[in-house]
Amino acid sequence: MILYDYILSPDAYKVRLMAALAGVKLDLRAVDVHPGREHESEPLRALNPAGSIPILIDGDLILTESAAMLVYLARLAAPEWLGDGDAAGGARIQQWLSFSPRLTDHLGGARATEMLAEPGDLPALQQAGIIDLRQLEAALIERRIEGQCFLAADRPTVADIACFPYAALAPDGGVSLDPYPSIRLWMRAIRMLPGFIEMPGIHRLHELKPEPLSTETPETV
Amino acid sequence: MTTSSQPMIDQWYPVALASQLPPEGRATQLMGAPIVVLPGEPIRVVAGGGRDLPVTVRYGHVWTSLGEPSKELFDIPEADQPGRRLVEVGVVRVRCSPLRAVENFLDIAHFPFVHTDILGAEPHTEVGKYDVEIREEEDEVWATKVQFYQPQAAKSATGGITTDYMYRVPAPTSSVLYKTCPARPGDWDVITLFVQPLTEELCDVWPWMALFDDETPTTDLIHFQQMIFLQDRSILENQIPRLLPLDPGREIPTRADLTSVAYRRWLKRHLFTYGAQLVAQ
Ligand SMILES: N[C@@H](CCC(=O)N[C@@H](CS)C(=O)NCC(=O)O)C(=O)O
Ligand SMILES: [Fe+2]
């Protein structure tokens, strides 16, 4: 399975992360998005007319939306990441998958403007990103009152992976996460998952390194 | 801008990648002044009021100055050495003082903590003794004989090696580092940090490399460097105070390493204080 990838792209990272969590091996093809704008080149436009990455190719199947890629990887190798099939749970997952492009547009837009010096209306993007974060925070508070720490089920699902990277990287776009304690706890729960991988700006949990005398196998990821 | 920042006005600064200029030009800033970098033959840089600024195109970048540079842009002889791959890494914007961006680049001690398992790893955190000098003839800061253990020194490295480094500061916001080349022991890879001061607390950083490496695809080289620099960015944006402290009275700031001490001393000597704060005694 081939992933056209960019190390700084949160949408591509979602797919790398889901693959790592599901134990699927990807054949990564690095795309020179910045500064080369290779994603807009003829060969890549032939795969994805939208000119965006990631692009996932498995045989005849060409996917250009990261949410679809998450569902595909989960269905192939880790179906528990799709919830347990009840109507409300399934709808909740779909709700967050559809919500996730707003994070790409707003927090991702603020990040591209603030970090990669791309043109954009930074205050407007940040403001829109804050509205998204508040919606995420409110939902996570409700989940926690019901005793659950993930977005759509009592376990992590593709919905969490779809929303996690741009939320975690909000500070790259000059948006602080300090006002959102539930988002921060949720991010911590995701970073604790066995098989978790990092991307630049999203670190492993150093604070979970083992105590010197601990005998149990620690989660260092 | 204060008059005390005047000496830095006459320096050259990178303002764009020559190969990446959009047709409408790159509208940007230099030391608080709006400028536009216009593509064409020759490339032009125009300041407010339509004034044309001096332009040099070198090391893949467009360089300009708001003042009157008394010298040509510093030389990197390795840039013209046959067999090297010249790698344009692009721009990363950092909310920090341009001088802090350079100072962090000179500091090797942060490798194990910021670039964990790549440029450094615990328990190999010790930086051995090395030489630092201000070379009077070239008017540059140099650190030589720096050695450090690295798990993955470069994209082309296949395991941990002890890497030799040399650092060079030829201009207040540019630094050049030379490090052991895994593919050609005996030669040096060249990695630079060219910093464009947008304001005293905001800069665009343009890393650039001249490497001996015939194997690794260019995109992978770019991404390796971008990954490293983004790790620095998160540190740089959280430094306090935001401006680089230059103590006007005492010579040696405590708790700073030797290269940083020499860099600050050299900045102070030239009154290169855009992005610095002078700490009262
Ligand atoms: N619908 C896509 C959107 C992906 C997307 O916007 N990717 C960004 C990089 S993170 C991109 O390719 N941007 C191209 C550009 O900014 O020109 C998905 O989620 O897979
Ligand atoms: Fe660093």
# chains A, B, ... in the order shown; residues from 1 in each chain; ligands from 1
call {"tool": "interface_residues", "arguments": {"of": "chain A", "to": "chain B", "cutoff": "12 Å", "atoms": "only C-alpha atoms", "output": "ChimeraX atom specification"}}
result
/A:5-9,28-38,111-119,169,171-174,198-204,206
call {"tool": "residues_near_ligand", "arguments": {"ligand": "ligand 1", "cutoff": "6 Å", "atoms": "only C-alpha atoms and all ligand atoms", "output": "PyMOL selection string"}}
result
chain A and resi 9-11+52-54+64-66
call {"tool": "write_last_selection", "arguments": {"atoms": "all heavy atoms", "output": "CSV table (one decimal), in the first residue's frame"}}
result
chain,number,residue,atom,x,y,z
A,9,SER,N,2.8,17.2,7.1
A,9,SER,CA,1.3,17.3,6.8
A,9,SER,C,0.6,16.5,7.9
A,9,SER,O,0.7,15.3,8.0
A,9,SER,CB,1.0,16.7,5.5
A,9,SER,OG,-0.4,16.3,5.4
A,10,PRO,N,-0.3,17.2,8.7
A,10,PRO,CA,-1.1,16.5,9.7
A,10,PRO,C,-2.1,15.5,9.0
A,10,PRO,O,-2.3,14.5,9.6
A,10,PRO,CB,-1.9,17.6,10.4
A,10,PRO,CG,-1.0,18.8,10.1
A,10,PRO,CD,-0.4,18.7,8.8
A,11,ASP,N,-2.6,15.8,7.8
A,11,ASP,CA,-3.5,14.9,7.2
A,11,ASP,C,-2.8,13.6,6.8
A,11,ASP,O,-3.3,12.5,6.9
A,11,ASP,CB,-4.2,15.5,6.0
A,11,ASP,CG,-5.3,16.5,6.4
A,11,ASP,OD1,-6.1,16.1,7.2
A,11,ASP,OD2,-5.3,17.6,5.8
A,52,SER,N,-3.9,17.8,-3.6
A,52,SER,CA,-3.5,17.7,-2.1
A,52,SER,C,-2.9,16.4,-1.8
A,52,SER,O,-3.1,15.4,-2.6
A,52,SER,CB,-4.8,18.0,-1.3
A,52,SER,OG,-5.7,16.9,-1.4
A,53,ILE,N,-2.2,16.3,-0.7
A,53,ILE,CA,-1.8,15.1,-0.2
A,53,ILE,C,-2.4,14.9,1.2
A,53,ILE,O,-2.8,15.9,1.7
A,53,ILE,CB,-0.2,15.0,-0.1
A,53,ILE,CG1,0.4,16.2,0.6
A,53,ILE,CG2,0.4,14.9,-1.5
A,53,ILE,CD1,0.7,15.9,2.0
A,54,PRO,N,-2.6,13.8,1.7
A,54,PRO,CA,-2.1,12.5,1.3
A,54,PRO,C,-2.9,11.9,0.1
A,54,PRO,O,-4.0,12.2,-0.1
A,54,PRO,CB,-2.2,11.6,2.5
A,54,PRO,CG,-3.4,12.2,3.2
A,54,PRO,CD,-3.3,13.7,3.0
A,64,THR,N,-8.1,9.9,-1.9
A,64,THR,CA,-7.5,11.2,-1.8
A,64,THR,C,-8.0,12.0,-0.5
A,64,THR,O,-7.7,13.2,-0.4
A,64,THR,CB,-7.8,12.1,-3.0
A,64,THR,OG1,-9.2,12.2,-3.2
A,64,THR,CG2,-7.2,11.4,-4.2
A,65,GLU,N,-8.9,11.3,0.3
A,65,GLU,CA,-9.4,12.0,1.5
A,65,GLU,C,-8.9,11.1,2.7
A,65,GLU,O,-9.1,9.9,2.8
A,65,GLU,CB,-10.9,12.0,1.5
A,65,GLU,CG,-11.5,12.9,0.4
A,65,GLU,CD,-11.1,14.4,0.7
A,65,GLU,OE1,-10.9,14.8,1.8
A,65,GLU,OE2,-11.0,15.1,-0.3
A,66,SER,N,-8.2,11.8,3.6
A,66,SER,CA,-7.6,11.1,4.7
A,66,SER,C,-8.7,10.4,5.5
A,66,SER,O,-8.4,9.3,6.1
A,66,SER,CB,-6.8,12.1,5.6
A,66,SER,OG,-7.6,13.1,6.1
call {"tool": "residues_around", "arguments": {"residues": "stretch 37-52 of chain B", "least_positions_apart": "6", "cutoff": "8 Å", "atoms": "only C-alpha atoms", "output": "PyMOL selection string"}}
result
chain B and resi 15-16+18+21-28+64
call {"tool": "residues_around", "arguments": {"residues": "B:Val87", "least_positions_apart": "2", "cutoff": "10 Å", "atoms": "only C-alpha atoms", "output": "compact mmCIF listing (two decimals) with N, CA, C and O atoms, in the first residue's frame"}}
result
# COMPACT_ATOMS: atom_id res chain seq x y z
N TYR B 59 23.58 31.15 -3.18
CA TYR B 59 23.15 30.02 -2.35
C TYR B 59 21.64 29.77 -2.47
O TYR B 59 20.96 29.51 -1.47
N GLY B 60 21.13 29.94 -3.69
CA GLY B 60 19.72 29.66 -3.95
C GLY B 60 18.76 30.74 -3.50
O GLY B 60 17.58 30.71 -3.82
N ARG B 84 28.84 18.41 -4.95
CA ARG B 84 27.93 18.65 -3.82
C ARG B 84 26.50 18.81 -4.31
O ARG B 84 26.25 19.40 -5.35
N ARG B 85 25.56 18.30 -3.48
CA ARG B 85 24.14 18.54 -3.74
C ARG B 85 23.74 19.80 -3.00
O ARG B 85 23.96 19.92 -1.79
N VAL B 89 15.79 24.21 1.39
CA VAL B 89 14.88 23.58 2.35
C VAL B 89 13.56 24.35 2.45
O VAL B 89 12.55 23.80 2.88
N GLY B 90 13.53 25.63 2.03
CA GLY B 90 12.29 26.40 2.13
C GLY B 90 12.30 27.28 3.36
O GLY B 90 13.34 27.47 3.99
N ILE B 191 25.82 22.84 6.29
CA ILE B 191 24.42 23.13 6.58
C ILE B 191 24.34 24.57 7.08
O ILE B 191 25.10 24.95 7.98
N PRO B 207 16.77 27.42 5.94
CA PRO B 207 17.92 26.50 5.99
C PRO B 207 18.34 26.15 4.55
O PRO B 207 17.52 26.13 3.64
N TRP B 208 19.63 25.87 4.39
CA TRP B 208 20.16 25.51 3.07
C TRP B 208 21.34 24.57 3.28
O TRP B 208 22.00 24.65 4.32
N MET B 209 21.57 23.65 2.33
CA MET B 209 22.61 22.65 2.56
C MET B 209 23.42 22.41 1.29
O MET B 209 22.91 22.54 0.18
N ALA B 210 24.68 22.07 1.48
CA ALA B 210 25.57 21.65 0.38
C ALA B 210 26.23 20.36 0.83
O ALA B 210 27.17 20.38 1.63
N LEU B 211 25.72 19.24 0.35
CA LEU B 211 26.08 17.93 0.90
C LEU B 211 26.73 17.02 -0.13
O LEU B 211 26.47 17.14 -1.33
N THR B 218 16.37 14.04 -3.02
CA THR B 218 16.35 15.43 -2.53
C THR B 218 15.21 15.66 -1.55
O THR B 218 15.38 16.30 -0.51
N THR B 219 14.03 15.13 -1.89
CA THR B 219 12.87 15.35 -1.02
C THR B 219 13.15 14.82 0.39
O THR B 219 12.78 15.45 1.37
N LEU B 221 16.07 14.58 1.82
CA LEU B 221 17.02 15.49 2.47
C LEU B 221 16.29 16.71 3.01
O LEU B 221 16.53 17.16 4.13
N ILE B 222 15.38 17.26 2.22
CA ILE B 222 14.61 18.44 2.64
C ILE B 222 13.80 18.10 3.89
O ILE B 222 13.79 18.84 4.87
N GLN B 225 15.73 17.79 7.16
CA GLN B 225 16.08 19.10 7.72
C GLN B 225 14.86 19.83 8.26
O GLN B 225 14.91 20.49 9.29
call {"tool": "residues_around", "arguments": {"residues": "A:Leu76", "least_positions_apart": "3", "cutoff": "9 Å", "atoms": "only C-alpha atoms", "output": "mmCIF file with N, CA and C atoms, in the first residue's frame"}}
result
data_model
loop_
_atom_site.group_PDB
_atom_site.id
_atom_site.type_symbol
_atom_site.label_atom_id
_atom_site.label_comp_id
_atom_site.auth_asym_id
_atom_site.auth_seq_id
_atom_site.Cartn_x
_atom_site.Cartn_y
_atom_site.Cartn_z
ATOM 1 N N ALA A 22 -2.806 0.233 13.659
ATOM 2 C CA ALA A 22 -3.467 -0.976 13.149
ATOM 3 C C ALA A 22 -2.460 -2.036 12.733
ATOM 4 N N VAL A 24 -0.404 -1.852 10.074
ATOM 5 C CA VAL A 24 -0.300 -1.980 8.615
ATOM 6 C C VAL A 24 0.980 -1.304 8.150
ATOM 7 N N VAL A 71 -10.732 4.920 7.487
ATOM 8 C CA VAL A 71 -11.758 3.883 7.491
ATOM 9 C C VAL A 71 -11.252 2.636 6.765
ATOM 10 N N TYR A 72 -10.570 2.840 5.665
ATOM 11 C CA TYR A 72 -10.049 1.705 4.889
ATOM 12 C C TYR A 72 -9.049 0.894 5.709
ATOM 13 N N LEU A 73 -8.104 1.585 6.335
ATOM 14 C CA LEU A 73 -7.088 0.875 7.132
ATOM 15 C C LEU A 73 -7.739 0.130 8.292
ATOM 16 N N PRO A 79 -10.748 -3.563 12.814
ATOM 17 C CA PRO A 79 -12.159 -3.147 12.736
ATOM 18 C C PRO A 79 -12.694 -2.545 14.030
#
call {"tool": "atom_distance", "arguments": {"atom1": "atom CA of B:Pro112", "atom2": "atom CA of B:Phe148"}}
result
10.2 Å
call {"tool": "residues_around", "arguments": {"residues": "stretch 93-97 of chain A", "least_positions_apart": "4", "cutoff": "6 Å", "atoms": "only C-alpha atoms", "output": "list in words"}}
result
Ala67, Ala152 and Ala159 of chain A
call {"tool": "write_last_selection", "arguments": {"atoms": "N, CA and C atoms", "output": "mmCIF file, in the first residue's frame"}}
result
data_model
loop_
_atom_site.group_PDB
_atom_site.id
_atom_site.type_symbol
_atom_site.label_atom_id
_atom_site.label_comp_id
_atom_site.auth_asym_id
_atom_site.auth_seq_id
_atom_site.Cartn_x
_atom_site.Cartn_y
_atom_site.Cartn_z
ATOM 1 N N ALA A 67 -9.910 10.910 5.663
ATOM 2 C CA ALA A 67 -10.939 10.219 6.451
ATOM 3 C C ALA A 67 -11.257 8.859 5.835
ATOM 4 N N ALA A 152 -16.144 9.090 20.180
ATOM 5 C CA ALA A 152 -17.329 8.453 19.620
ATOM 6 C C ALA A 152 -17.697 7.124 20.256
ATOM 7 N N ALA A 159 -12.496 8.354 14.452
ATOM 8 C CA ALA A 159 -12.904 9.737 14.696
ATOM 9 C C ALA A 159 -11.834 10.485 15.484
#
call {"tool": "select_by_dssp", "arguments": {"residues": "stretch 98-214 of chain B", "states": "alpha helix (DSSP H)", "output": "ChimeraX atom specification"}}
result
/B:98-106,111-114
call {"tool": "residues_around", "arguments": {"residues": "A:Leu177", "least_positions_apart": "2", "cutoff": "12 Å", "atoms": "only C-alpha atoms", "output": "mmCIF file with N, CA and C atoms, in the first residue's frame"}}
result
data_model
loop_
_atom_site.group_PDB
_atom_site.id
_atom_site.type_symbol
_atom_site.label_atom_id
_atom_site.label_comp_id
_atom_site.auth_asym_id
_atom_site.auth_seq_id
_atom_site.Cartn_x
_atom_site.Cartn_y
_atom_site.Cartn_z
ATOM 1 N N LEU A 107 -7.526 25.565 11.590
ATOM 2 C CA LEU A 107 -6.260 25.463 12.338
ATOM 3 C C LEU A 107 -5.100 25.153 11.393
ATOM 4 N N GLY A 129 -10.689 28.608 13.976
ATOM 5 C CA GLY A 129 -10.104 27.440 14.635
ATOM 6 C C GLY A 129 -10.529 27.355 16.094
ATOM 7 N N ILE A 130 -10.646 28.501 16.735
ATOM 8 C CA ILE A 130 -11.056 28.524 18.147
ATOM 9 C C ILE A 130 -12.507 28.042 18.281
ATOM 10 N N LEU A 133 -12.314 24.324 18.129
ATOM 11 C CA LEU A 133 -11.771 23.745 19.365
ATOM 12 C C LEU A 133 -12.816 23.772 20.482
ATOM 13 N N ARG A 134 -13.605 24.845 20.526
ATOM 14 C CA ARG A 134 -14.625 24.921 21.578
ATOM 15 C C ARG A 134 -15.687 23.849 21.384
ATOM 16 N N LEU A 136 -15.127 20.944 19.977
ATOM 17 C CA LEU A 136 -14.466 19.697 20.365
ATOM 18 C C LEU A 136 -14.403 19.576 21.892
ATOM 19 N N GLU A 137 -14.041 20.655 22.542
ATOM 20 C CA GLU A 137 -13.951 20.666 24.008
ATOM 21 C C GLU A 137 -15.311 20.336 24.630
ATOM 22 N N TYR A 166 -4.592 18.063 13.978
ATOM 23 C CA TYR A 166 -4.701 19.523 13.870
ATOM 24 C C TYR A 166 -4.991 20.174 15.211
ATOM 25 N N ALA A 167 -5.752 19.470 16.068
ATOM 26 C CA ALA A 167 -5.979 20.028 17.406
ATOM 27 C C ALA A 167 -4.643 20.118 18.147
ATOM 28 N N ALA A 168 -3.857 19.034 18.084
ATOM 29 C CA ALA A 168 -2.584 19.014 18.820
ATOM 30 C C ALA A 168 -1.618 20.073 18.301
ATOM 31 N N LEU A 169 -1.706 20.390 17.006
ATOM 32 C CA LEU A 169 -0.755 21.330 16.410
ATOM 33 C C LEU A 169 -1.280 22.764 16.397
ATOM 34 N N ALA A 170 -2.421 23.006 17.072
ATOM 35 C CA ALA A 170 -2.975 24.368 17.097
ATOM 36 C C ALA A 170 -1.925 25.413 17.496
ATOM 37 N N PRO A 171 -1.052 25.133 18.480
ATOM 38 C CA PRO A 171 -0.054 26.150 18.840
ATOM 39 C C PRO A 171 0.877 26.533 17.686
ATOM 40 N N ASP A 172 1.105 25.631 16.722
ATOM 41 C CA ASP A 172 1.908 25.999 15.549
ATOM 42 C C ASP A 172 1.278 27.170 14.801
ATOM 43 N N GLY A 173 -0.043 27.283 14.891
ATOM 44 C CA GLY A 173 -0.745 28.380 14.215
ATOM 45 C C GLY A 173 -1.037 29.525 15.150
ATOM 46 N N GLY A 174 -0.406 29.521 16.314
ATOM 47 C CA GLY A 174 -0.589 30.616 17.261
ATOM 48 C C GLY A 174 -1.876 30.512 18.056
ATOM 49 N N VAL A 175 -2.489 29.329 18.120
ATOM 50 C CA VAL A 175 -3.705 29.131 18.910
ATOM 51 C C VAL A 175 -3.346 28.275 20.126
ATOM 52 N N PRO A 179 -6.812 26.850 27.215
ATOM 53 C CA PRO A 179 -8.199 26.909 27.729
ATOM 54 C C PRO A 179 -8.992 25.608 27.606
ATOM 55 N N TYR A 180 -8.402 24.524 27.100
ATOM 56 C CA TYR A 180 -9.198 23.330 26.794
ATOM 57 C C TYR A 180 -8.692 22.104 27.540
ATOM 58 N N PRO A 181 -9.008 21.964 28.812
ATOM 59 C CA PRO A 181 -8.483 20.836 29.592
ATOM 60 C C PRO A 181 -8.957 19.475 29.078
ATOM 61 N N SER A 182 -10.155 19.391 28.568
ATOM 62 C CA SER A 182 -10.630 18.076 28.104
ATOM 63 C C SER A 182 -9.909 17.663 26.830
ATOM 64 N N ILE A 183 -9.630 18.639 25.976
ATOM 65 C CA ILE A 183 -8.860 18.319 24.764
ATOM 66 C C ILE A 183 -7.472 17.842 25.164
ATOM 67 N N ARG A 184 -6.888 18.500 26.165
ATOM 68 C CA ARG A 184 -5.527 18.095 26.551
ATOM 69 C C ARG A 184 -5.511 16.693 27.148
ATOM 70 N N LEU A 185 -6.508 16.339 27.940
ATOM 71 C CA LEU A 185 -6.578 14.972 28.487
ATOM 72 C C LEU A 185 -6.784 13.940 27.383
ATOM 73 N N MET A 187 -5.910 14.253 24.241
ATOM 74 C CA MET A 187 -4.668 14.108 23.478
ATOM 75 C C MET A 187 -3.690 13.202 24.209
#
call {"tool": "atom_distance", "arguments": {"atom1": "atom CA of A:Ala68", "atom2": "atom CA of A:Ala19"}}
result
12.9 Å
call {"tool": "select_by_dssp", "arguments": {"residues": "stretch 55-268 of chain B", "states": "strand (DSSP E)", "output": "number ranges by chain"}}
result
B: 55-58, 61-64, 85-88, 92-94, 131-135, 140-150, 161-171, 174-180, 188-199, 202-211, 244-246
call {"tool": "closest_residue", "arguments": {"among": "A:Ala110, A:Glu80, A:Pro123, A:Leu103", "to": "A:Cys163", "atoms": "only C-alpha atoms"}}
result
A:Leu103
